[in-house]
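Only one structure is covered here, and it is reproduced in the block below.
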Amino acid sequence: MSPKDLSADVSSAIQILWLEVRDAVLARVDVLDQAVESLQGGSLEIALRRSAEREAHKLAGLVGTFGFARGSELASEVEHVFLGGPTAMSVPKLSELVAKLRHELERPLPAMDQRVGAQAEDGGEETEAAFSLLIVSDDPDLAERLSVEARIWGMRPTWAASALEARGLLSRAIADVVLLDLEAPGDASELLAELTGGSRRVPVLVLTASDQFGERLHAARVGARGYLYKSLPVSQMLDAVMQLWAGPGRTGAVVLAVDDDPEMLMLLDRILEPHGIRTLTLTDPWRFWAVLEENTPDLAVLDIDMPEVSGIDLCRMIRNDPRWAALPVLFLTRHGDRKTVRDVFAAGADDYVVKPVVGLDLVTKIENRLKRAWLHHALADTDALTGAVSKRGSVELLARLMRLSGRFGHPLCLAAIDLDRFKEVNDQYGNAAGDAVLRRLSHMLLRHFRGEDVVARWGGEEFLVGMYGITKEVAVTRLEQLARRFAGEEFRSPKGEPFGITFSAGVAEYPKDALDLQGLLRAADQAMGRAKSQGRDRILPAA
């Protein structure tokens, strides 16, 4: 969908929502009128005054997003009068402000081009174009494998064997994403700087065979969007490319939004939904932790000003828990002063948005944070040799599957896999042959199991597979099928000597065999140990 189409969808959604919430918004103005009348009578109760402060504060943050910029200013002025301690002298000013606010909000909803944050159209119709990928590498075999699979993924790949050739191609057409091999001739590092700086700003993923600190530093400084090893499976390289191009919003990201203003939450949902971002909304901050654990969102949006439990409190709770410490957190606040900004970042926030919310700014900030988080996890939690999830990354993923299993009552199986006589392969044919075996097994595991399953390299020649929603019996059958295929694979040593290898595995099921992750790991490992003691190429369930 083009930006113009998205903008129209958001505009339509906001117009529909305004019709739904208009009466509720005007009811908040009624509270302000009641407070003014009480003040005129000489007895404004503390509870009503605080209620008026609160409603004026919410209105100031809400109505501007619907396009009532003047209404937001008026509500803010009302809030300040109540905060300052209204007196009989304040009555004329308050009465005038509230009357103007009501008149403003009873007007028709402003047109889209009058709204805060509306994008100016630059004219002309946008046309959908195929997603283009420029591969810059002097390795023809790698470029061919990437190109073939990229077409399967629906991309339009182009290959340049050098930085000079890439510049020529880019002078005629702009690529959506560039996959740049740092070993490509013609000063690939200089090309990287050109692509990420200046006016081009083309998203670049770096390909490298080494792990040089200097390379990483240069790539980070000039703005590369990822650092990938050439040893990764082609499918994982293209997965990173697709994620970078599409943005997390198009991949079903989930945002947990907490605000005591239900209309603001509805508005956030309408703004984000056209961008493919699902919003979980919560008005009661006391339920925050339970909802967080149950739904495992990709990002949290917190209102800073909530009674009893503030967004600052929630953010500190998130940062205090190692499981959630890396969750991106975005604050919504009516105040952009230095102290407020200092407080939100001191609590561990990643960013903030000042109300009234500008739809485009909010979406951009959320997508940027989601993209950074996804790339961080994808690169930090991937085993460089095999492309499987690392041991560290798998623990969190398996814990999530276990929470889902407990919540919905579906089974969860864990398989512990160990290569048979792997040490003999290394001793007889060399470590390079052993690495080839590990890569082949990982590739087959990743292709054999579903995308929602977890395939992890646990260490050495051991792998783990977490399978959600299937029983132990089905899991054993699937592993037996893969074991037969793997046993038929032929490997060759650096000298050309052919050899084969097998694996054994044990399978445990939650909650039948264990009630927690550590117990499930032990049960699967024990079953794998029994399988290996009975000979090679055995798959056994936990007892």
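Chain lettering (A, B, ...) mirrors the order of the structure tokens, residue numbering begins at 1 for each chain separately, and ligand numbering begins at 1 in order of display.
Residues in contact with Asp30 (chain A) at 10 Å, where only C-alpha atoms are counted and same-chain residues fewer than 6 positions away are skipped, are listed as A:Ala24, A:Val36, A:Ala52, A:Glu55, A:Val98, A:Arg102.
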Expected file: the selected residues, N, CA and C atoms, as a compact mmCIF listing (two decimals), in the first residue's frame:
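Written out: selection_30.txt:
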# COMPACT_ATOMS: atom_id res chain seq x y z
N ALA A 24 -18.75 11.26 24.14
CA ALA A 24 -17.95 11.02 25.34
C ALA A 24 -16.98 12.18 25.58
N VAL A 36 -16.99 24.93 36.89
CA VAL A 36 -17.14 26.39 36.80
C VAL A 36 -18.38 26.84 37.57
N ALA A 52 -11.90 17.88 37.22
CA ALA A 52 -11.82 18.86 36.14
C ALA A 52 -10.39 18.97 35.61
N GLU A 55 -9.83 15.87 33.45
CA GLU A 55 -10.53 15.88 32.16
C GLU A 55 -9.91 16.90 31.21
N VAL A 98 -13.98 27.54 28.68
CA VAL A 98 -14.78 26.32 28.52
C VAL A 98 -15.81 26.49 27.42
N ARG A 102 -16.01 24.18 24.08
CA ARG A 102 -17.20 23.45 23.62
C ARG A 102 -17.54 23.83 22.17
Exercise. Counting only C-alpha atoms, what is within 10 Å of region 156-163 of chain A, bar same-chain residues fewer than 6 positions away, as a ChimeraX atom specification?
Worked result: /A:129-140,143-144,146-150,169,175-192
Keeping N, CA and C atoms for every residue in the selection just given, could you write it to a file as a short mmCIF file (atom, residue, chain, number, x, y, z; two decimals), in the first residue's frame?
data_model
loop_
_atom_site.label_atom_id
_atom_site.label_comp_id
_atom_site.auth_asym_id
_atom_site.auth_seq_id
_atom_site.Cartn_x
_atom_site.Cartn_y
_atom_site.Cartn_z
N ALA A 129 5.67 -0.92 -7.18
CA ALA A 129 6.80 -1.49 -7.90
C ALA A 129 7.29 -2.71 -7.15
N ALA A 130 7.84 -3.64 -7.89
CA ALA A 130 8.39 -4.84 -7.27
C ALA A 130 9.54 -4.45 -6.35
N PHE A 131 9.69 -5.18 -5.28
CA PHE A 131 10.76 -4.92 -4.32
C PHE A 131 12.10 -5.31 -4.95
N SER A 132 13.01 -4.33 -5.05
CA SER A 132 14.28 -4.57 -5.73
C SER A 132 15.42 -4.74 -4.72
N LEU A 133 16.26 -5.72 -4.96
CA LEU A 133 17.41 -6.02 -4.11
C LEU A 133 18.67 -5.98 -4.96
N LEU A 134 19.64 -5.17 -4.55
CA LEU A 134 20.93 -5.12 -5.23
C LEU A 134 21.94 -5.92 -4.41
N ILE A 135 22.51 -6.95 -5.02
CA ILE A 135 23.52 -7.79 -4.38
C ILE A 135 24.88 -7.38 -4.91
N VAL A 136 25.76 -6.92 -4.03
CA VAL A 136 27.10 -6.49 -4.43
C VAL A 136 28.11 -7.48 -3.85
N SER A 137 28.66 -8.33 -4.71
CA SER A 137 29.60 -9.35 -4.26
C SER A 137 30.39 -9.89 -5.45
N ASP A 138 31.67 -10.21 -5.21
CA ASP A 138 32.46 -10.82 -6.28
C ASP A 138 32.44 -12.33 -6.19
N ASP A 139 31.55 -12.88 -5.37
CA ASP A 139 31.38 -14.32 -5.24
C ASP A 139 30.19 -14.73 -6.10
N PRO A 140 30.42 -15.25 -7.31
CA PRO A 140 29.30 -15.54 -8.22
C PRO A 140 28.38 -16.64 -7.70
N ALA A 143 26.15 -15.02 -5.08
CA ALA A 143 25.21 -14.12 -5.76
C ALA A 143 24.12 -14.90 -6.48
N GLU A 144 24.50 -16.03 -7.10
CA GLU A 144 23.52 -16.85 -7.82
C GLU A 144 22.51 -17.47 -6.86
N LEU A 146 21.69 -16.40 -3.88
CA LEU A 146 20.84 -15.33 -3.37
C LEU A 146 19.80 -14.90 -4.39
N SER A 147 20.21 -14.77 -5.65
CA SER A 147 19.30 -14.32 -6.70
C SER A 147 18.18 -15.31 -6.94
N VAL A 148 18.53 -16.60 -6.99
CA VAL A 148 17.51 -17.63 -7.24
C VAL A 148 16.46 -17.63 -6.13
N GLU A 149 16.94 -17.63 -4.87
CA GLU A 149 15.99 -17.67 -3.76
C GLU A 149 15.24 -16.35 -3.62
N ALA A 150 15.90 -15.22 -3.95
CA ALA A 150 15.23 -13.92 -3.85
C ALA A 150 14.01 -13.87 -4.76
N LEU A 169 24.82 0.83 -11.69
CA LEU A 169 23.43 0.39 -11.62
C LEU A 169 22.59 1.37 -10.82
N ALA A 175 17.76 1.03 -5.57
CA ALA A 175 17.38 -0.26 -4.99
C ALA A 175 16.64 -0.03 -3.67
N ASP A 176 15.71 -0.94 -3.34
CA ASP A 176 15.01 -0.86 -2.06
C ASP A 176 15.94 -1.24 -0.92
N VAL A 177 16.76 -2.26 -1.14
CA VAL A 177 17.74 -2.70 -0.15
C VAL A 177 19.00 -3.14 -0.89
N VAL A 178 20.16 -2.87 -0.29
CA VAL A 178 21.43 -3.33 -0.85
C VAL A 178 22.06 -4.33 0.12
N LEU A 179 22.46 -5.48 -0.42
CA LEU A 179 23.19 -6.49 0.33
C LEU A 179 24.63 -6.39 -0.13
N LEU A 180 25.50 -5.84 0.72
CA LEU A 180 26.85 -5.44 0.31
C LEU A 180 27.92 -6.32 0.95
N ASP A 181 28.65 -7.04 0.11
CA ASP A 181 29.78 -7.84 0.55
C ASP A 181 30.98 -6.90 0.73
N LEU A 182 31.50 -6.82 1.94
CA LEU A 182 32.61 -5.90 2.20
C LEU A 182 33.90 -6.30 1.49
N GLU A 183 33.94 -7.53 0.96
CA GLU A 183 35.12 -7.97 0.22
C GLU A 183 35.01 -7.70 -1.27
N ALA A 184 33.91 -7.10 -1.70
CA ALA A 184 33.75 -6.77 -3.12
C ALA A 184 34.80 -5.75 -3.54
N PRO A 185 35.39 -5.91 -4.73
CA PRO A 185 36.42 -4.96 -5.18
C PRO A 185 35.85 -3.58 -5.48
N GLY A 186 36.75 -2.60 -5.52
CA GLY A 186 36.32 -1.24 -5.85
C GLY A 186 35.97 -0.42 -4.62
N ASP A 187 36.51 -0.81 -3.46
CA ASP A 187 36.30 -0.09 -2.20
C ASP A 187 34.84 -0.15 -1.76
N ALA A 188 34.45 -1.34 -1.30
CA ALA A 188 33.08 -1.54 -0.83
C ALA A 188 32.77 -0.68 0.38
N SER A 189 33.79 -0.43 1.23
CA SER A 189 33.55 0.39 2.42
C SER A 189 33.18 1.82 2.03
N GLU A 190 33.81 2.33 0.98
CA GLU A 190 33.47 3.67 0.51
C GLU A 190 32.05 3.70 -0.05
N LEU A 191 31.67 2.64 -0.77
CA LEU A 191 30.31 2.55 -1.30
C LEU A 191 29.29 2.52 -0.17
N LEU A 192 29.62 1.79 0.90
CA LEU A 192 28.74 1.74 2.06
C LEU A 192 28.46 3.13 2.59
#
For this session: With a distance cut-off of 8 Å and only C-alpha atoms, select the neighbouring residues of region 512-523 of chain A, excluding the residue or stretch itself and same-chain residues fewer than 4 positions from it, and output the selection as a VMD selection string.
Result: chain A and resid 398 to 399 402 414 416 507 to 508 527 542 to 543
Give me a file of those residues, with N, CA and C atoms, as a PDB file, in the first residue's frame.
ATOM      1  N   LEU A 398      11.786 -20.202  23.856  1.00  0.00           N
ATOM      2  CA  LEU A 398      11.171 -21.399  24.435  1.00  0.00           C
ATOM      3  C   LEU A 398      10.281 -21.040  25.617  1.00  0.00           C
ATOM      4  N   ALA A 399      10.713 -20.054  26.404  1.00  0.00           N
ATOM      5  CA  ALA A 399       9.889 -19.621  27.536  1.00  0.00           C
ATOM      6  C   ALA A 399       8.563 -19.052  27.044  1.00  0.00           C
ATOM      7  N   MET A 402       6.324 -21.849  26.079  1.00  0.00           N
ATOM      8  CA  MET A 402       5.799 -22.516  27.275  1.00  0.00           C
ATOM      9  C   MET A 402       4.651 -21.715  27.871  1.00  0.00           C
ATOM     10  N   LEU A 414       9.930 -30.672  23.265  1.00  0.00           N
ATOM     11  CA  LEU A 414      11.309 -30.228  23.148  1.00  0.00           C
ATOM     12  C   LEU A 414      12.172 -31.420  22.777  1.00  0.00           C
ATOM     13  N   ALA A 416      16.018 -32.807  22.068  1.00  0.00           N
ATOM     14  CA  ALA A 416      17.460 -32.620  22.215  1.00  0.00           C
ATOM     15  C   ALA A 416      18.143 -33.528  21.194  1.00  0.00           C
ATOM     16  N   VAL A 507      12.977 -36.748  23.117  1.00  0.00           N
ATOM     17  CA  VAL A 507      11.856 -35.813  23.045  1.00  0.00           C
ATOM     18  C   VAL A 507      11.080 -35.841  24.363  1.00  0.00           C
ATOM     19  N   ALA A 508      10.836 -34.650  24.914  1.00  0.00           N
ATOM     20  CA  ALA A 508      10.025 -34.517  26.121  1.00  0.00           C
ATOM     21  C   ALA A 508       8.858 -33.584  25.843  1.00  0.00           C
ATOM     22  N   ALA A 527      16.429 -38.440  27.742  1.00  0.00           N
ATOM     23  CA  ALA A 527      15.929 -39.339  26.691  1.00  0.00           C
ATOM     24  C   ALA A 527      16.944 -39.456  25.566  1.00  0.00           C
ATOM     25  N   ALA A 542      10.773 -39.216  26.155  1.00  0.00           N
ATOM     26  CA  ALA A 542      11.069 -39.254  27.585  1.00  0.00           C
ATOM     27  C   ALA A 542      10.215 -40.327  28.248  1.00  0.00           C
ATOM     28  N   ALA A 543      10.785 -40.962  29.231  1.00  0.00           N
ATOM     29  CA  ALA A 543      10.082 -42.068  29.904  1.00  0.00           C
ATOM     30  C   ALA A 543       8.911 -41.536  30.714  1.00  0.00           C
TER      31      ALA A 543
END
For this session: Apply DSSP to the backbone of this structure and, from region 141-213 of chain A, keep only the residues in alpha helix (DSSP H); write these as a ChimeraX atom specification.
Result: /A:141-152,163-172,188-196,213
Seminar exercise, completed: Of A:Gly496, A:Gly409, A:Gly393, A:Gly61, the one sitting nearest Ala456 (chain A) when using only C-alpha atoms is A:Gly393
Pick out the residues sitting within 10 Å of Leu419 (chain A), and hand them over as a PDB file with all heavy atoms, in the first residue's frame; count only C-alpha atoms, and ignore anything fewer than 6 positions along from it in its own chain.
ATOM      1  N   VAL A 437      29.090 -30.326   8.349  1.00  0.00           N
ATOM      2  CA  VAL A 437      28.042 -31.204   8.892  1.00  0.00           C
ATOM      3  C   VAL A 437      27.062 -30.395   9.740  1.00  0.00           C
ATOM      4  O   VAL A 437      25.844 -30.537   9.619  1.00  0.00           O
ATOM      5  CB  VAL A 437      28.670 -32.336   9.728  1.00  0.00           C
ATOM      6  CG1 VAL A 437      27.581 -33.100  10.494  1.00  0.00           C
ATOM      7  CG2 VAL A 437      29.431 -33.299   8.831  1.00  0.00           C
ATOM      8  N   LEU A 438      27.606 -29.539  10.608  1.00  0.00           N
ATOM      9  CA  LEU A 438      26.755 -28.724  11.478  1.00  0.00           C
ATOM     10  C   LEU A 438      25.853 -27.797  10.657  1.00  0.00           C
ATOM     11  O   LEU A 438      24.662 -27.648  10.945  1.00  0.00           O
ATOM     12  CB  LEU A 438      27.616 -27.902  12.442  1.00  0.00           C
ATOM     13  CG  LEU A 438      28.388 -28.693  13.500  1.00  0.00           C
ATOM     14  CD1 LEU A 438      29.376 -27.788  14.224  1.00  0.00           C
ATOM     15  CD2 LEU A 438      27.425 -29.327  14.502  1.00  0.00           C
ATOM     16  N   LEU A 441      23.058 -29.949   8.902  1.00  0.00           N
ATOM     17  CA  LEU A 441      22.000 -30.380   9.823  1.00  0.00           C
ATOM     18  C   LEU A 441      21.117 -29.196  10.202  1.00  0.00           C
ATOM     19  O   LEU A 441      19.884 -29.301  10.212  1.00  0.00           O
ATOM     20  CB  LEU A 441      22.602 -31.006  11.080  1.00  0.00           C
ATOM     21  CG  LEU A 441      21.582 -31.404  12.173  1.00  0.00           C
ATOM     22  CD1 LEU A 441      20.534 -32.360  11.624  1.00  0.00           C
ATOM     23  CD2 LEU A 441      22.291 -32.010  13.387  1.00  0.00           C
ATOM     24  N   GLY A 460      28.369 -26.953  20.702  1.00  0.00           N
ATOM     25  CA  GLY A 460      29.073 -28.091  20.102  1.00  0.00           C
ATOM     26  C   GLY A 460      28.259 -28.701  18.988  1.00  0.00           C
ATOM     27  O   GLY A 460      27.839 -28.032  18.043  1.00  0.00           O
ATOM     28  N   GLU A 461      28.006 -30.019  19.124  1.00  0.00           N
ATOM     29  CA  GLU A 461      27.227 -30.732  18.103  1.00  0.00           C
ATOM     30  C   GLU A 461      25.786 -30.956  18.544  1.00  0.00           C
ATOM     31  O   GLU A 461      25.083 -31.798  17.987  1.00  0.00           O
ATOM     32  CB  GLU A 461      27.882 -32.077  17.782  1.00  0.00           C
ATOM     33  CG  GLU A 461      27.843 -33.126  18.898  1.00  0.00           C
ATOM     34  CD  GLU A 461      29.018 -33.017  19.847  1.00  0.00           C
ATOM     35  OE1 GLU A 461      29.603 -31.930  19.966  1.00  0.00           O
ATOM     36  OE2 GLU A 461      29.351 -34.044  20.478  1.00  0.00           O
ATOM     37  N   GLU A 462      25.304 -30.227  19.541  1.00  0.00           N
ATOM     38  CA  GLU A 462      23.957 -30.405  20.065  1.00  0.00           C
ATOM     39  C   GLU A 462      23.017 -29.305  19.557  1.00  0.00           C
ATOM     40  O   GLU A 462      23.375 -28.131  19.518  1.00  0.00           O
ATOM     41  CB  GLU A 462      23.972 -30.392  21.593  1.00  0.00           C
ATOM     42  CG  GLU A 462      24.716 -31.563  22.199  1.00  0.00           C
ATOM     43  CD  GLU A 462      24.616 -31.562  23.718  1.00  0.00           C
ATOM     44  OE1 GLU A 462      23.796 -30.786  24.263  1.00  0.00           O
ATOM     45  OE2 GLU A 462      25.352 -32.318  24.360  1.00  0.00           O
ATOM     46  N   PHE A 463      21.789 -29.722  19.206  1.00  0.00           N
ATOM     47  CA  PHE A 463      20.740 -28.804  18.776  1.00  0.00           C
ATOM     48  C   PHE A 463      19.490 -29.054  19.618  1.00  0.00           C
ATOM     49  O   PHE A 463      19.290 -30.163  20.134  1.00  0.00           O
ATOM     50  CB  PHE A 463      20.397 -29.001  17.297  1.00  0.00           C
ATOM     51  CG  PHE A 463      21.465 -28.533  16.350  1.00  0.00           C
ATOM     52  CD1 PHE A 463      22.577 -29.325  16.078  1.00  0.00           C
ATOM     53  CD2 PHE A 463      21.365 -27.295  15.729  1.00  0.00           C
ATOM     54  CE1 PHE A 463      23.563 -28.896  15.206  1.00  0.00           C
ATOM     55  CE2 PHE A 463      22.343 -26.860  14.854  1.00  0.00           C
ATOM     56  CZ  PHE A 463      23.445 -27.659  14.595  1.00  0.00           C
ATOM     57  N   ILE A 501      27.044 -39.407   8.353  1.00  0.00           N
ATOM     58  CA  ILE A 501      26.923 -39.279   9.804  1.00  0.00           C
ATOM     59  C   ILE A 501      25.448 -39.291  10.169  1.00  0.00           C
ATOM     60  O   ILE A 501      24.592 -38.986   9.327  1.00  0.00           O
ATOM     61  CB  ILE A 501      27.611 -37.983  10.303  1.00  0.00           C
ATOM     62  CG1 ILE A 501      27.671 -37.944  11.829  1.00  0.00           C
ATOM     63  CG2 ILE A 501      26.908 -36.745   9.755  1.00  0.00           C
ATOM     64  CD1 ILE A 501      28.532 -36.811  12.374  1.00  0.00           C
ATOM     65  N   THR A 502      25.134 -39.667  11.403  1.00  0.00           N
ATOM     66  CA  THR A 502      23.751 -39.734  11.869  1.00  0.00           C
ATOM     67  C   THR A 502      23.603 -38.904  13.143  1.00  0.00           C
ATOM     68  O   THR A 502      24.577 -38.402  13.688  1.00  0.00           O
ATOM     69  CB  THR A 502      23.349 -41.189  12.175  1.00  0.00           C
ATOM     70  OG1 THR A 502      24.238 -41.717  13.183  1.00  0.00           O
ATOM     71  CG2 THR A 502      23.439 -42.055  10.927  1.00  0.00           C
ATOM     72  N   PHE A 503      22.345 -38.779  13.594  1.00  0.00           N
ATOM     73  CA  PHE A 503      22.124 -38.129  14.887  1.00  0.00           C
ATOM     74  C   PHE A 503      21.126 -38.935  15.704  1.00  0.00           C
ATOM     75  O   PHE A 503      20.338 -39.717  15.165  1.00  0.00           O
ATOM     76  CB  PHE A 503      21.646 -36.684  14.732  1.00  0.00           C
ATOM     77  CG  PHE A 503      20.259 -36.511  14.155  1.00  0.00           C
ATOM     78  CD1 PHE A 503      19.109 -36.729  14.921  1.00  0.00           C
ATOM     79  CD2 PHE A 503      20.088 -36.091  12.838  1.00  0.00           C
ATOM     80  CE1 PHE A 503      17.844 -36.550  14.397  1.00  0.00           C
ATOM     81  CE2 PHE A 503      18.821 -35.899  12.299  1.00  0.00           C
ATOM     82  CZ  PHE A 503      17.693 -36.134  13.088  1.00  0.00           C
ATOM     83  N   SER A 504      21.180 -38.755  17.004  1.00  0.00           N
ATOM     84  CA  SER A 504      20.214 -39.344  17.939  1.00  0.00           C
ATOM     85  C   SER A 504      19.496 -38.210  18.658  1.00  0.00           C
ATOM     86  O   SER A 504      20.021 -37.090  18.750  1.00  0.00           O
ATOM     87  CB  SER A 504      20.927 -40.247  18.948  1.00  0.00           C
ATOM     88  OG  SER A 504      21.583 -41.314  18.298  1.00  0.00           O
ATOM     89  N   ALA A 505      18.308 -38.494  19.175  1.00  0.00           N
ATOM     90  CA  ALA A 505      17.529 -37.439  19.808  1.00  0.00           C
ATOM     91  C   ALA A 505      16.619 -37.987  20.886  1.00  0.00           C
ATOM     92  O   ALA A 505      16.233 -39.168  20.866  1.00  0.00           O
ATOM     93  CB  ALA A 505      16.703 -36.691  18.762  1.00  0.00           C
ATOM     94  N   LYS A 532      21.332 -42.591  22.704  1.00  0.00           N
ATOM     95  CA  LYS A 532      22.731 -42.788  22.288  1.00  0.00           C
ATOM     96  C   LYS A 532      23.328 -44.049  22.909  1.00  0.00           C
ATOM     97  O   LYS A 532      24.174 -44.715  22.303  1.00  0.00           O
ATOM     98  CB  LYS A 532      23.572 -41.563  22.672  1.00  0.00           C
ATOM     99  CG  LYS A 532      23.228 -40.319  21.869  1.00  0.00           C
ATOM    100  CD  LYS A 532      24.145 -39.172  22.162  1.00  0.00           C
ATOM    101  CE  LYS A 532      25.496 -39.369  21.484  1.00  0.00           C
ATOM    102  NZ  LYS A 532      25.390 -39.255  20.014  1.00  0.00           N
ATOM    103  N   ARG A 536      23.520 -45.892  17.456  1.00  0.00           N
ATOM    104  CA  ARG A 536      23.377 -44.666  16.675  1.00  0.00           C
ATOM    105  C   ARG A 536      21.983 -44.540  16.078  1.00  0.00           C
ATOM    106  O   ARG A 536      21.261 -45.519  15.935  1.00  0.00           O
ATOM    107  CB  ARG A 536      24.410 -44.654  15.546  1.00  0.00           C
ATOM    108  CG  ARG A 536      25.854 -44.632  16.028  1.00  0.00           C
ATOM    109  CD  ARG A 536      26.805 -44.569  14.852  1.00  0.00           C
ATOM    110  NE  ARG A 536      26.634 -45.712  13.949  1.00  0.00           N
ATOM    111  CZ  ARG A 536      27.166 -45.805  12.744  1.00  0.00           C
ATOM    112  NH1 ARG A 536      27.879 -44.787  12.280  1.00  0.00           N
ATOM    113  NH2 ARG A 536      26.978 -46.864  12.004  1.00  0.00           N
ATOM    114  N   ASP A 537      21.639 -43.293  15.715  1.00  0.00           N
ATOM    115  CA  ASP A 537      20.453 -43.028  14.908  1.00  0.00           C
ATOM    116  C   ASP A 537      19.170 -43.500  15.601  1.00  0.00           C
ATOM    117  O   ASP A 537      18.349 -44.180  14.993  1.00  0.00           O
ATOM    118  CB  ASP A 537      20.610 -43.707  13.539  1.00  0.00           C
ATOM    119  CG  ASP A 537      19.653 -43.131  12.501  1.00  0.00           C
ATOM    120  OD1 ASP A 537      19.105 -42.048  12.752  1.00  0.00           O
ATOM    121  OD2 ASP A 537      19.449 -43.778  11.466  1.00  0.00           O
TER     122      ASP A 537
END
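You will find CA of Leu401 (chain A) at 19.7 Å from CA of Arg278 (chain A).
Using only C-alpha atoms, the smallest distance between any of A:Tyr468, A:Tyr429, A:Phe213, A:Tyr510 and Ser493 (chain A) comes from A:Tyr429.
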Problem set entry | Selection near region 216-225 of chain A, 6 Å with only C-alpha atoms, sequence-local residues under 5 positions removed, as a ChimeraX atom specification | /A:193,196,204-205
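The space separating CA of Leu362 (chain A) from CA of Leu74 (chain A) comes to 23.2 Å.
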Problem set entry | Near-Ala209 (chain A) list (8 Å; only C-alpha atoms; drop same-chain fewer than 4 positions) as a list of chain:residue names | A:Tyr229, A:Lys230, A:Ser231
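For the pair CA of Arg484 (chain A) and CA of Met528 (chain A), the separation is 16.8 Å.
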For this session: Enumerate, as a PyMOL selection string, the complete set of residues in region 249-455 of chain A that a backbone-based DSSP assignment places in strand (DSSP E).
Result: chain A and resi 254-258+278-282+299-303+329-333+351-354+412-419+454-455
